[in-house]
Amino acid sequence: MTTLSPPSSIELVEVAPRDGFQSIRDRLPTADKQRCIQALLEAGVTRLEIGSFVSPKAIPQMADTGQLVEAFANRPEVRFSALVPNLKGAELALEHGIREIVYVISVSETHNQSNVRRSTTDSLQELRRVIERVRQIEGSRLRLDLGTSFDCPFEGTISWQQVDRILSSALELVGDLPIEVALCDTTGRTTPYQVADYFKQLRERHASIGVNWAFHGHDTFGMGVANALFAISHGATAVDTACAGLGGCPFAPGATGNTATEDLLYALHGGGVTTGIDLPKLLEAADMIAALPGGQTASHLRQVPRQRVS
């Protein structure tokens with residue numbers, strides 16, 4: 001096993017405005033979402049998944065994503081992204097000015113049907129159309145989120161070979177388009193050693209292709225920070241986190257929120273890793289997010305007396 005040596009820097013992708021907010025059943029006022037996003041930006045967040053362009057019937061909480069994008073349109077220093085399940089969502093995101101499309105496919109056939117109501121084969125066919133559209137917009141980026149890369153709430157453990165089957169098919173479609181691939185621990189059930197093994201196997205398999213690697217984890221089993229650190233040590237240059245640990249996938253029964261941004265930030269700063277995020281200000285944003293009605297949070301650092309957090 002490779003020694004865990006810290007990189008000089010890492011990108012944290014804040015996903016509370018998407019993965020976090022969508023877990024809250026009752027509609028949040030758009031103004032409250034804007035206040036939380038503004039607090040995150042003031043803390044130094046420079047990559048933020050602002051929402052998803054999906055059917056409002058499927059996820060009503062995301063119906064105002066377009067308004068949120070417009071509210072923060074003049075922030076060129078921030079990489080805003082939006083999750084989409086299909087071409088229609090990608091077109092809406094691009095029309096609103098989003099230049100980083102996050103396209104999601106679950107490795108598990110059962111979860112893909114539950115999450116986006118189509119087979120993985122159909123999702124790959126739709127990816128081809130999304131890629132064609134992204135190529136038409138100068139300056140656009142594509143990220144591929146591979147849901148249930150380690151575990152599925154319906155099918156159990158997912159092998160890295162299953163992940164590779166979907167990933168290989170996707171990369172054939174991508175061609176020379178720059179892409180970031182995120183291995184997603186949708187249920188929060190994976191362990192650091194499984195994370196390390198899958199990143200090692202898949203990075204070796206696709207070493208000749210210019211792929212940037214990311215990790216998206218949940219903290220259901222308390223492994224969130226450890227999993228992220230092992231992902232980073234095995235090639236991930238970006239990690240998704242949610243401030244205050246807000247969230248829980250509505251299509252993965254039992255999953256809790258993403259790893260709390262402040263928890264991972266504390267670990268990274270302890271290793272001298274540069275993130276560009278101010279921890280005290282981030283904790284202020286976490287308190288604001290934790291106060292939202294109906295949300296479930298799971299942050300360890302918020303429970304520590306502030307004078308002990310440095």
# chains A, B, ... in the order shown; residues from 1 in each chain; ligands from 1
call {"tool": "residues_around", "arguments": {"residues": "Lys88 in chain A", "least_positions_apart": "4", "cutoff": "9 Å", "atoms": "only C-alpha atoms", "output": "PyMOL selection string"}}
result
chain A and resi 53-54+84+92-93+130
call {"tool": "write_last_selection", "arguments": {"atoms": "N, CA, C and O atoms", "output": "tab-separated table (two decimals), in the first residue's frame"}}
result
chain	number	residue	atom	x	y	z
A	53	PHE	N	-30.10	20.37	-13.25
A	53	PHE	CA	-31.17	20.68	-14.19
A	53	PHE	C	-31.90	19.37	-14.50
A	53	PHE	O	-31.52	18.62	-15.39
A	54	VAL	N	-32.91	19.11	-13.69
A	54	VAL	CA	-33.70	17.89	-13.78
A	54	VAL	C	-35.18	18.29	-13.78
A	54	VAL	O	-35.53	19.44	-13.53
A	84	VAL	N	-26.52	16.97	-14.58
A	84	VAL	CA	-27.60	16.73	-15.54
A	84	VAL	C	-27.71	15.23	-15.81
A	84	VAL	O	-26.70	14.53	-15.82
A	92	LEU	N	-30.29	23.06	-20.95
A	92	LEU	CA	-30.76	24.09	-20.01
A	92	LEU	C	-29.60	24.69	-19.23
A	92	LEU	O	-29.52	25.91	-19.04
A	93	ALA	N	-28.68	23.84	-18.79
A	93	ALA	CA	-27.52	24.33	-18.04
A	93	ALA	C	-26.68	25.26	-18.90
A	93	ALA	O	-26.28	26.35	-18.45
A	130	VAL	N	-24.86	14.51	-25.37
A	130	VAL	CA	-24.39	15.56	-24.47
A	130	VAL	C	-22.99	16.02	-24.88
A	130	VAL	O	-22.70	17.23	-24.91
call {"tool": "residues_around", "arguments": {"residues": "Gln113 in chain A", "least_positions_apart": "2", "cutoff": "12 Å", "atoms": "only C-alpha atoms", "output": "VMD selection string"}}
result
chain A and resid 85 105 to 111 115 to 123 147 154 251 to 252
call {"tool": "write_last_selection", "arguments": {"atoms": "all heavy atoms", "output": "compact mmCIF listing (two decimals), in the first residue's frame"}}
result
# COMPACT_ATOMS: atom_id res chain seq x y z
N PRO A 85 -28.93 14.73 -16.04
CA PRO A 85 -29.10 13.32 -16.34
C PRO A 85 -29.32 13.03 -17.82
O PRO A 85 -29.39 11.88 -18.23
CB PRO A 85 -30.37 12.97 -15.56
CG PRO A 85 -31.19 14.23 -15.65
CD PRO A 85 -30.21 15.38 -15.70
N ILE A 105 -24.00 8.76 -14.55
CA ILE A 105 -24.42 7.40 -14.90
C ILE A 105 -24.10 6.52 -13.70
O ILE A 105 -23.00 6.58 -13.16
CB ILE A 105 -23.67 6.83 -16.12
CG1 ILE A 105 -23.83 7.71 -17.35
CG2 ILE A 105 -24.15 5.42 -16.43
CD1 ILE A 105 -23.04 7.21 -18.56
N SER A 106 -25.04 5.71 -13.29
CA SER A 106 -24.76 4.74 -12.23
C SER A 106 -24.19 3.47 -12.85
O SER A 106 -24.67 2.99 -13.87
CB SER A 106 -26.03 4.40 -11.45
OG SER A 106 -26.49 5.52 -10.73
N VAL A 107 -23.16 2.95 -12.22
CA VAL A 107 -22.59 1.68 -12.69
C VAL A 107 -23.60 0.56 -12.51
O VAL A 107 -23.72 -0.33 -13.35
CB VAL A 107 -21.28 1.38 -11.92
CG1 VAL A 107 -20.74 0.01 -12.32
CG2 VAL A 107 -20.25 2.47 -12.19
N SER A 108 -24.34 0.61 -11.43
CA SER A 108 -25.39 -0.38 -11.16
C SER A 108 -26.59 -0.14 -12.06
O SER A 108 -27.15 0.96 -12.10
CB SER A 108 -25.83 -0.27 -9.69
OG SER A 108 -27.13 -0.78 -9.51
N GLU A 109 -26.99 -1.17 -12.77
CA GLU A 109 -28.16 -1.07 -13.65
C GLU A 109 -29.42 -0.72 -12.85
O GLU A 109 -30.21 0.14 -13.25
CB GLU A 109 -28.36 -2.39 -14.39
CG GLU A 109 -29.47 -2.37 -15.43
CD GLU A 109 -29.10 -1.56 -16.66
OE1 GLU A 109 -27.94 -1.61 -17.08
OE2 GLU A 109 -30.00 -0.88 -17.19
N THR A 110 -29.58 -1.35 -11.70
CA THR A 110 -30.76 -1.12 -10.88
C THR A 110 -30.81 0.31 -10.37
O THR A 110 -31.86 0.96 -10.39
CB THR A 110 -30.80 -2.10 -9.69
OG1 THR A 110 -30.62 -3.43 -10.16
CG2 THR A 110 -32.12 -2.00 -8.95
N HIS A 111 -29.68 0.81 -9.90
CA HIS A 111 -29.66 2.18 -9.38
C HIS A 111 -29.84 3.20 -10.50
O HIS A 111 -30.49 4.24 -10.30
CB HIS A 111 -28.36 2.46 -8.63
CG HIS A 111 -28.35 3.78 -7.91
ND1 HIS A 111 -27.86 4.93 -8.48
CD2 HIS A 111 -28.82 4.13 -6.68
CE1 HIS A 111 -28.00 5.93 -7.63
NE2 HIS A 111 -28.59 5.47 -6.54
N ASN A 115 -32.52 6.05 -10.43
CA ASN A 115 -32.04 7.43 -10.37
C ASN A 115 -32.46 8.24 -11.58
O ASN A 115 -32.94 9.38 -11.44
CB ASN A 115 -30.51 7.41 -10.25
CG ASN A 115 -29.93 8.76 -9.87
OD1 ASN A 115 -30.59 9.58 -9.24
ND2 ASN A 115 -28.69 8.99 -10.26
N VAL A 116 -32.28 7.69 -12.79
CA VAL A 116 -32.56 8.48 -14.01
C VAL A 116 -33.57 7.80 -14.94
O VAL A 116 -33.79 8.27 -16.06
CB VAL A 116 -31.26 8.79 -14.78
CG1 VAL A 116 -30.36 9.69 -13.95
CG2 VAL A 116 -30.52 7.53 -15.21
N ARG A 117 -34.14 6.68 -14.48
CA ARG A 117 -35.23 6.02 -15.21
C ARG A 117 -34.83 5.51 -16.59
O ARG A 117 -35.61 5.57 -17.55
CB ARG A 117 -36.43 6.97 -15.35
CG ARG A 117 -36.98 7.50 -14.04
CD ARG A 117 -37.63 6.41 -13.21
NE ARG A 117 -38.36 6.94 -12.07
CZ ARG A 117 -37.85 7.15 -10.87
NH1 ARG A 117 -36.58 6.87 -10.64
NH2 ARG A 117 -38.59 7.63 -9.89
N ARG A 118 -33.60 5.02 -16.70
CA ARG A 118 -33.20 4.42 -17.97
C ARG A 118 -32.07 3.42 -17.72
O ARG A 118 -31.47 3.41 -16.66
CB ARG A 118 -32.76 5.47 -18.99
CG ARG A 118 -31.57 6.32 -18.56
CD ARG A 118 -30.97 7.02 -19.78
NE ARG A 118 -31.92 7.92 -20.39
CZ ARG A 118 -32.00 9.22 -20.15
NH1 ARG A 118 -31.18 9.78 -19.29
NH2 ARG A 118 -32.88 9.97 -20.77
N SER A 119 -31.80 2.60 -18.71
CA SER A 119 -30.73 1.62 -18.61
C SER A 119 -29.37 2.32 -18.74
O SER A 119 -29.28 3.46 -19.24
CB SER A 119 -30.86 0.57 -19.71
OG SER A 119 -30.61 1.15 -20.98
N THR A 120 -28.32 1.64 -18.32
CA THR A 120 -26.98 2.23 -18.49
C THR A 120 -26.64 2.37 -19.96
O THR A 120 -25.96 3.32 -20.36
CB THR A 120 -25.92 1.36 -17.78
OG1 THR A 120 -26.01 0.01 -18.26
CG2 THR A 120 -26.12 1.37 -16.27
N THR A 121 -27.11 1.45 -20.79
CA THR A 121 -26.88 1.56 -22.23
C THR A 121 -27.52 2.82 -22.79
O THR A 121 -26.91 3.55 -23.58
CB THR A 121 -27.45 0.32 -22.96
OG1 THR A 121 -26.77 -0.85 -22.50
CG2 THR A 121 -27.27 0.44 -24.46
N ASP A 122 -28.75 3.10 -22.37
CA ASP A 122 -29.43 4.31 -22.83
C ASP A 122 -28.73 5.56 -22.30
O ASP A 122 -28.64 6.58 -23.00
CB ASP A 122 -30.89 4.31 -22.38
CG ASP A 122 -31.73 3.30 -23.14
OD1 ASP A 122 -31.28 2.85 -24.21
OD2 ASP A 122 -32.84 2.95 -22.66
N SER A 123 -28.22 5.51 -21.07
CA SER A 123 -27.49 6.66 -20.53
C SER A 123 -26.22 6.92 -21.32
O SER A 123 -25.84 8.08 -21.54
CB SER A 123 -27.14 6.42 -19.05
OG SER A 123 -28.27 6.62 -18.23
N GLY A 147 -21.92 6.95 -10.59
CA GLY A 147 -22.61 6.62 -9.36
C GLY A 147 -22.46 5.14 -9.01
O GLY A 147 -22.22 4.31 -9.88
N PHE A 154 -29.05 -1.68 -3.91
CA PHE A 154 -29.91 -2.76 -4.40
C PHE A 154 -29.11 -4.01 -4.80
O PHE A 154 -29.59 -5.13 -4.63
CB PHE A 154 -30.72 -2.29 -5.61
CG PHE A 154 -31.41 -0.97 -5.39
CD1 PHE A 154 -31.00 0.17 -6.06
CD2 PHE A 154 -32.46 -0.87 -4.50
CE1 PHE A 154 -31.64 1.39 -5.86
CE2 PHE A 154 -33.10 0.35 -4.29
CZ PHE A 154 -32.69 1.48 -4.97
N PHE A 251 -32.19 8.52 -3.84
CA PHE A 251 -32.31 7.29 -4.62
C PHE A 251 -31.39 6.19 -4.11
O PHE A 251 -31.19 5.18 -4.77
CB PHE A 251 -32.03 7.58 -6.10
CG PHE A 251 -32.90 8.69 -6.64
CD1 PHE A 251 -32.38 9.96 -6.85
CD2 PHE A 251 -34.25 8.48 -6.89
CE1 PHE A 251 -33.19 10.98 -7.33
CE2 PHE A 251 -35.06 9.49 -7.37
CZ PHE A 251 -34.53 10.75 -7.58
N ALA A 252 -30.79 6.42 -2.91
CA ALA A 252 -29.96 5.40 -2.27
C ALA A 252 -30.39 5.28 -0.83
O ALA A 252 -29.90 6.00 0.04
CB ALA A 252 -28.48 5.77 -2.36
call {"tool": "residues_around", "arguments": {"residues": "range 211-217 of chain A", "least_positions_apart": "6", "cutoff": "8 Å", "atoms": "only C-alpha atoms", "output": "list in words"}}
result
Pro178, Ile179, Glu180, Val181, Ala182, Leu183, Cys184, Asp185, Thr186, Gly188, Gly224, Asn227, Ala228, Ala231, Gly235, Ala236, Thr237, Ala238, Val239, Asp240, Thr241, Asn258 and Thr259 of chain A
call {"tool": "select_by_dssp", "arguments": {"residues": "range 183-219 of chain A", "states": "helix (DSSP H, G or I)", "output": "ChimeraX atom specification"}}
result
/A:192-205
call {"tool": "write_last_selection", "arguments": {"atoms": "N, CA, C and O atoms", "output": "PDB file, in the first residue's frame"}}
result
ATOM      1  N   PRO A 192     -11.484   2.668   2.814  1.00  0.00           N
ATOM      2  CA  PRO A 192     -10.307   3.273   2.191  1.00  0.00           C
ATOM      3  C   PRO A 192      -9.543   2.322   1.281  1.00  0.00           C
ATOM      4  O   PRO A 192      -9.028   2.733   0.236  1.00  0.00           O
ATOM      5  N   TYR A 193      -9.460   1.050   1.656  1.00  0.00           N
ATOM      6  CA  TYR A 193      -8.677   0.106   0.854  1.00  0.00           C
ATOM      7  C   TYR A 193      -9.362  -0.221  -0.475  1.00  0.00           C
ATOM      8  O   TYR A 193      -8.702  -0.424  -1.492  1.00  0.00           O
ATOM      9  N   GLN A 194     -10.681  -0.275  -0.459  1.00  0.00           N
ATOM     10  CA  GLN A 194     -11.403  -0.464  -1.716  1.00  0.00           C
ATOM     11  C   GLN A 194     -11.227   0.762  -2.601  1.00  0.00           C
ATOM     12  O   GLN A 194     -11.010   0.632  -3.818  1.00  0.00           O
ATOM     13  N   VAL A 195     -11.295   1.944  -2.019  1.00  0.00           N
ATOM     14  CA  VAL A 195     -11.080   3.178  -2.781  1.00  0.00           C
ATOM     15  C   VAL A 195      -9.702   3.165  -3.435  1.00  0.00           C
ATOM     16  O   VAL A 195      -9.552   3.434  -4.633  1.00  0.00           O
ATOM     17  N   ALA A 196      -8.681   2.835  -2.635  1.00  0.00           N
ATOM     18  CA  ALA A 196      -7.311   2.811  -3.155  1.00  0.00           C
ATOM     19  C   ALA A 196      -7.180   1.806  -4.304  1.00  0.00           C
ATOM     20  O   ALA A 196      -6.571   2.097  -5.340  1.00  0.00           O
ATOM     21  N   ASP A 197      -7.756   0.624  -4.139  1.00  0.00           N
ATOM     22  CA  ASP A 197      -7.650  -0.422  -5.159  1.00  0.00           C
ATOM     23  C   ASP A 197      -8.331   0.006  -6.454  1.00  0.00           C
ATOM     24  O   ASP A 197      -7.762  -0.148  -7.545  1.00  0.00           O
ATOM     25  N   TYR A 198      -9.524   0.582  -6.360  1.00  0.00           N
ATOM     26  CA  TYR A 198     -10.252   0.949  -7.571  1.00  0.00           C
ATOM     27  C   TYR A 198      -9.559   2.083  -8.312  1.00  0.00           C
ATOM     28  O   TYR A 198      -9.457   2.060  -9.552  1.00  0.00           O
ATOM     29  N   PHE A 199      -9.071   3.073  -7.578  1.00  0.00           N
ATOM     30  CA  PHE A 199      -8.340   4.159  -8.248  1.00  0.00           C
ATOM     31  C   PHE A 199      -7.075   3.616  -8.906  1.00  0.00           C
ATOM     32  O   PHE A 199      -6.745   3.992 -10.041  1.00  0.00           O
ATOM     33  N   LYS A 200      -6.365   2.742  -8.222  1.00  0.00           N
ATOM     34  CA  LYS A 200      -5.137   2.175  -8.787  1.00  0.00           C
ATOM     35  C   LYS A 200      -5.440   1.392 -10.060  1.00  0.00           C
ATOM     36  O   LYS A 200      -4.790   1.586 -11.101  1.00  0.00           O
ATOM     37  N   GLN A 201      -6.423   0.507 -10.001  1.00  0.00           N
ATOM     38  CA  GLN A 201      -6.751  -0.328 -11.156  1.00  0.00           C
ATOM     39  C   GLN A 201      -7.211   0.509 -12.350  1.00  0.00           C
ATOM     40  O   GLN A 201      -6.758   0.303 -13.486  1.00  0.00           O
ATOM     41  N   LEU A 202      -8.098   1.450 -12.095  1.00  0.00           N
ATOM     42  CA  LEU A 202      -8.692   2.219 -13.195  1.00  0.00           C
ATOM     43  C   LEU A 202      -7.718   3.229 -13.773  1.00  0.00           C
ATOM     44  O   LEU A 202      -7.694   3.462 -14.989  1.00  0.00           O
ATOM     45  N   ARG A 203      -6.896   3.837 -12.920  1.00  0.00           N
ATOM     46  CA  ARG A 203      -5.898   4.777 -13.434  1.00  0.00           C
ATOM     47  C   ARG A 203      -4.862   4.051 -14.286  1.00  0.00           C
ATOM     48  O   ARG A 203      -4.418   4.574 -15.311  1.00  0.00           O
ATOM     49  N   GLU A 204      -4.473   2.855 -13.889  1.00  0.00           N
ATOM     50  CA  GLU A 204      -3.533   2.074 -14.693  1.00  0.00           C
ATOM     51  C   GLU A 204      -4.151   1.680 -16.032  1.00  0.00           C
ATOM     52  O   GLU A 204      -3.487   1.718 -17.069  1.00  0.00           O
ATOM     53  N   ARG A 205      -5.428   1.330 -16.002  1.00  0.00           N
ATOM     54  CA  ARG A 205      -6.115   0.920 -17.232  1.00  0.00           C
ATOM     55  C   ARG A 205      -6.226   2.056 -18.234  1.00  0.00           C
ATOM     56  O   ARG A 205      -6.215   1.836 -19.436  1.00  0.00           O
TER      57      ARG A 205
END
call {"tool": "select_by_dssp", "arguments": {"residues": "range 4-194 of chain A", "states": "strand (DSSP E or B)", "output": "ChimeraX atom specification"}}
result
/A:9,11-14,47-52,79-84,100-106,141-147,151-152,156-157,179-185
call {"tool": "residues_around", "arguments": {"residues": "Thr65 in chain A", "least_positions_apart": "3", "cutoff": "6 Å", "atoms": "only C-alpha atoms", "output": "PyMOL selection string"}}
result
chain A and resi 51+62+68
call {"tool": "closest_residue", "arguments": {"among": "A:Leu279, A:Ala207, A:Thr46, A:Pro60", "to": "Ile10 in chain A", "atoms": "only C-alpha atoms"}}
result
A:Thr46
call {"tool": "residues_around", "arguments": {"residues": "range 16-31 of chain A", "least_positions_apart": "2", "cutoff": "10 Å", "atoms": "only C-alpha atoms", "output": "CSV table (one decimal) with N, CA, C and O atoms, in the first residue's frame"}}
result
chain,number,residue,atom,x,y,z
A,13,VAL,N,-14.7,20.3,-4.2
A,13,VAL,CA,-15.8,20.7,-4.9
A,13,VAL,C,-17.0,20.7,-4.0
A,13,VAL,O,-17.4,19.7,-3.5
A,14,GLU,N,-17.6,21.9,-3.7
A,14,GLU,CA,-18.6,22.0,-2.7
A,14,GLU,C,-20.0,21.6,-3.4
A,14,GLU,O,-20.4,22.2,-4.4
A,33,LYS,N,-31.1,29.9,-0.1
A,33,LYS,CA,-30.0,29.2,-0.8
A,33,LYS,C,-28.9,30.1,-1.3
A,33,LYS,O,-27.8,29.8,-1.1
A,34,GLN,N,-29.4,31.3,-1.7
A,34,GLN,CA,-28.4,32.3,-2.2
A,34,GLN,C,-27.5,32.7,-1.0
A,34,GLN,O,-26.3,32.9,-1.2
A,35,ARG,N,-28.1,32.9,0.2
A,35,ARG,CA,-27.3,33.3,1.3
A,35,ARG,C,-26.2,32.3,1.7
A,35,ARG,O,-25.1,32.6,2.0
A,36,CYS,N,-26.6,31.0,1.6
A,36,CYS,CA,-25.7,29.9,1.9
A,36,CYS,C,-24.6,29.9,0.9
A,36,CYS,O,-23.4,29.7,1.2
A,37,ILE,N,-24.9,30.0,-0.4
A,37,ILE,CA,-23.9,29.9,-1.4
A,37,ILE,C,-23.0,31.1,-1.3
A,37,ILE,O,-21.7,31.0,-1.4
A,40,LEU,N,-20.5,30.4,1.4
A,40,LEU,CA,-19.5,29.5,0.9
A,40,LEU,C,-18.4,30.2,0.0
A,40,LEU,O,-17.2,29.9,0.2
A,48,LEU,N,-18.0,24.8,-7.2
A,48,LEU,CA,-19.3,24.7,-6.5
A,48,LEU,C,-20.3,24.1,-7.5
A,48,LEU,O,-20.5,24.6,-8.5
A,49,GLU,N,-20.9,23.0,-7.1
A,49,GLU,CA,-22.0,22.4,-7.8
A,49,GLU,C,-23.2,23.1,-7.4
A,49,GLU,O,-23.8,22.8,-6.3
A,50,ILE,N,-23.8,24.0,-8.2
A,50,ILE,CA,-24.8,24.9,-7.8
A,50,ILE,C,-26.2,24.3,-7.8
A,50,ILE,O,-27.1,24.8,-7.1
A,51,GLY,N,-26.3,23.1,-8.5
A,51,GLY,CA,-27.7,22.5,-8.5
A,51,GLY,C,-27.7,21.5,-9.6
A,51,GLY,O,-26.7,21.1,-10.2
A,52,SER,N,-28.9,21.1,-10.0
A,52,SER,CA,-29.1,20.2,-11.1
A,52,SER,C,-30.2,20.6,-12.0
A,52,SER,O,-31.2,21.2,-11.5
A,59,ILE,N,-37.4,16.2,-8.8
A,59,ILE,CA,-36.7,16.8,-7.6
A,59,ILE,C,-37.2,18.2,-7.5
A,59,ILE,O,-36.5,19.1,-8.1
A,60,PRO,N,-38.3,18.5,-6.9
A,60,PRO,CA,-38.8,19.9,-6.8
A,60,PRO,C,-37.8,20.9,-6.2
A,60,PRO,O,-37.8,22.1,-6.6
A,61,GLN,N,-37.0,20.4,-5.3
A,61,GLN,CA,-36.0,21.3,-4.7
A,61,GLN,C,-35.0,22.0,-5.7
A,61,GLN,O,-34.5,23.1,-5.4
A,62,MET,N,-34.9,21.4,-6.8
A,62,MET,CA,-33.9,21.9,-7.8
A,62,MET,C,-34.6,22.8,-8.9
A,62,MET,O,-33.9,23.2,-9.8
A,63,ALA,N,-35.8,23.1,-8.7
A,63,ALA,CA,-36.6,23.9,-9.7
A,63,ALA,C,-36.0,25.3,-9.9
A,63,ALA,O,-36.2,25.9,-11.0
A,64,ASP,N,-35.3,25.8,-8.9
A,64,ASP,CA,-34.8,27.2,-9.0
A,64,ASP,C,-33.3,27.3,-9.4
A,64,ASP,O,-32.7,28.3,-9.2
A,65,THR,N,-32.8,26.2,-9.9
A,65,THR,CA,-31.3,26.2,-10.2
A,65,THR,C,-31.0,27.3,-11.2
A,65,THR,O,-29.9,27.9,-11.0
A,67,GLN,N,-32.3,30.2,-11.5
A,67,GLN,CA,-32.3,31.4,-10.8
A,67,GLN,C,-31.0,31.6,-10.0
A,67,GLN,O,-30.4,32.7,-9.9
A,68,LEU,N,-30.6,30.5,-9.4
A,68,LEU,CA,-29.3,30.6,-8.6
A,68,LEU,C,-28.1,30.8,-9.5
A,68,LEU,O,-27.2,31.6,-9.2
A,71,ALA,N,-28.1,34.4,-10.4
A,71,ALA,CA,-27.7,35.3,-9.2
A,71,ALA,C,-26.2,35.4,-9.0
A,71,ALA,O,-25.7,36.4,-8.5
A,81,SER,N,-20.7,24.4,-11.5
A,81,SER,CA,-21.1,23.2,-12.3
A,81,SER,C,-22.5,22.9,-12.0
A,81,SER,O,-23.1,23.3,-11.0
A,82,ALA,N,-23.1,22.1,-12.8
A,82,ALA,CA,-24.5,21.6,-12.6
A,82,ALA,C,-24.6,20.2,-13.1
A,82,ALA,O,-24.1,19.8,-14.1
A,83,LEU,N,-25.3,19.4,-12.3
A,83,LEU,CA,-25.5,18.0,-12.6
A,83,LEU,C,-26.7,17.8,-13.6
A,83,LEU,O,-27.7,18.5,-13.4
A,240,ASP,N,-15.3,15.8,-3.8
A,240,ASP,CA,-16.6,16.5,-3.5
A,240,ASP,C,-16.9,16.4,-2.0
A,240,ASP,O,-16.7,15.3,-1.4
A,241,THR,N,-17.3,17.5,-1.4
A,241,THR,CA,-17.7,17.5,0.0
A,241,THR,C,-18.9,18.5,0.1
A,241,THR,O,-19.2,19.3,-0.8
A,242,ALA,N,-19.6,18.3,1.2
A,242,ALA,CA,-20.8,19.2,1.5
A,242,ALA,C,-20.6,19.9,2.8
A,242,ALA,O,-20.4,19.2,3.8
A,243,CYS,N,-20.7,21.2,2.8
A,243,CYS,CA,-20.5,21.9,4.0
A,243,CYS,C,-21.6,21.5,5.1
A,243,CYS,O,-22.8,21.3,4.7
A,244,ALA,N,-21.2,21.2,6.3
A,244,ALA,CA,-22.0,20.8,7.4
A,244,ALA,C,-22.4,19.3,7.2
A,244,ALA,O,-23.1,18.7,8.0
A,245,GLY,N,-21.9,18.6,6.2
A,245,GLY,CA,-22.3,17.2,5.9
A,245,GLY,C,-23.7,17.1,5.5
A,245,GLY,O,-24.3,16.0,5.7
A,246,LEU,N,-24.3,18.1,4.9
A,246,LEU,CA,-25.7,18.1,4.5
A,246,LEU,C,-25.9,17.1,3.4
A,246,LEU,O,-25.1,17.0,2.5
A,247,GLY,N,-27.0,16.4,3.5
A,247,GLY,CA,-27.4,15.6,2.3
A,247,GLY,C,-27.8,14.2,2.6
A,247,GLY,O,-28.1,13.8,3.7
A,248,GLY,N,-27.8,13.4,1.5
A,248,GLY,CA,-28.3,12.0,1.6
A,248,GLY,C,-29.0,11.8,0.3
A,248,GLY,O,-30.0,12.5,-0.1
A,249,CYS,N,-28.6,10.8,-0.5
A,249,CYS,CA,-29.1,10.6,-1.8
A,249,CYS,C,-30.6,10.0,-1.7
A,249,CYS,O,-30.8,9.0,-1.1
A,250,PRO,N,-31.6,10.7,-2.3
A,250,PRO,CA,-32.9,10.2,-2.2
A,250,PRO,C,-33.2,8.9,-3.0
A,250,PRO,O,-34.2,8.2,-2.8
A,251,PHE,N,-32.2,8.5,-3.8
A,251,PHE,CA,-32.3,7.3,-4.6
A,251,PHE,C,-31.4,6.2,-4.1
A,251,PHE,O,-31.2,5.2,-4.8
A,256,THR,N,-26.3,8.7,4.1
A,256,THR,CA,-26.4,10.0,4.7
A,256,THR,C,-25.7,11.1,3.8
A,256,THR,O,-25.4,10.8,2.7
A,257,GLY,N,-25.4,12.2,4.4
A,257,GLY,CA,-24.8,13.3,3.6
A,257,GLY,C,-23.4,13.0,3.2
A,257,GLY,O,-22.7,12.1,3.6
A,258,ASN,N,-23.0,13.9,2.2
A,258,ASN,CA,-21.6,13.8,1.8
A,258,ASN,C,-20.6,14.1,3.0
A,258,ASN,O,-21.0,14.8,4.0
A,260,ALA,N,-18.4,16.0,5.3
A,260,ALA,CA,-18.4,17.4,5.6
A,260,ALA,C,-17.2,18.1,5.1
A,260,ALA,O,-16.1,17.7,5.4
A,261,THR,N,-17.4,19.2,4.4
A,261,THR,CA,-16.2,19.9,3.9
A,261,THR,C,-15.3,20.3,5.0
A,261,THR,O,-14.0,20.2,4.8
A,286,ALA,N,-21.2,26.7,7.6
A,286,ALA,CA,-21.8,25.4,8.0
A,286,ALA,C,-22.9,25.6,9.0
A,286,ALA,O,-23.9,24.9,9.0
A,289,ILE,N,-26.0,26.7,7.1
A,289,ILE,CA,-26.6,25.6,6.4
A,289,ILE,C,-27.2,24.6,7.4
A,289,ILE,O,-28.3,24.1,7.1
A,292,LEU,N,-30.9,25.4,8.3
A,292,LEU,CA,-31.9,25.3,7.4
A,292,LEU,C,-33.0,24.3,7.8
A,292,LEU,O,-32.6,23.2,8.3
A,293,PRO,N,-34.2,24.6,7.7
A,293,PRO,CA,-35.3,23.6,8.2
A,293,PRO,C,-35.3,22.4,7.4
A,293,PRO,O,-35.3,22.4,6.1
A,294,GLY,N,-35.4,21.2,8.0
A,294,GLY,CA,-35.5,20.0,7.3
A,294,GLY,C,-34.3,19.3,6.8
A,294,GLY,O,-34.3,18.2,6.3
A,295,GLY,N,-33.1,19.9,7.1
A,295,GLY,CA,-31.9,19.3,6.7
A,295,GLY,C,-31.3,18.4,7.7
A,295,GLY,O,-31.4,18.5,8.9
A,296,GLN,N,-30.5,17.3,7.2
A,296,GLN,CA,-29.8,16.4,8.1
A,296,GLN,C,-28.3,16.7,7.9
A,296,GLN,O,-27.8,16.6,6.8
A,297,THR,N,-27.6,17.0,9.0
A,297,THR,CA,-26.2,17.3,8.9
A,297,THR,C,-25.4,16.3,9.7
A,297,THR,O,-25.9,15.7,10.6
call {"tool": "residues_around", "arguments": {"residues": "Arg75 in chain A", "least_positions_apart": "3", "cutoff": "12 Å", "atoms": "only C-alpha atoms", "output": "count of residues only"}}
result
16
call {"tool": "atom_distance", "arguments": {"atom1": "CA of Glu172 in chain A", "atom2": "CA of Arg135 in chain A"}}
result
15.1 Å
call {"tool": "closest_residue", "arguments": {"among": "A:Val102, A:Val15, A:Ala39, A:Leu264", "to": "Asp145 in chain A", "atoms": "only C-alpha atoms"}}
result
A:Val102
call {"tool": "atom_distance", "arguments": {"atom1": "CA of Glu91 in chain A", "atom2": "CA of Ala170 in chain A"}}
result
19.4 Å
call {"tool": "closest_residue", "arguments": {"among": "A:Cys152, A:Ala43, A:Ile277, A:Leu142", "to": "Leu94 in chain A", "atoms": "only C-alpha atoms"}}
result
A:Leu142
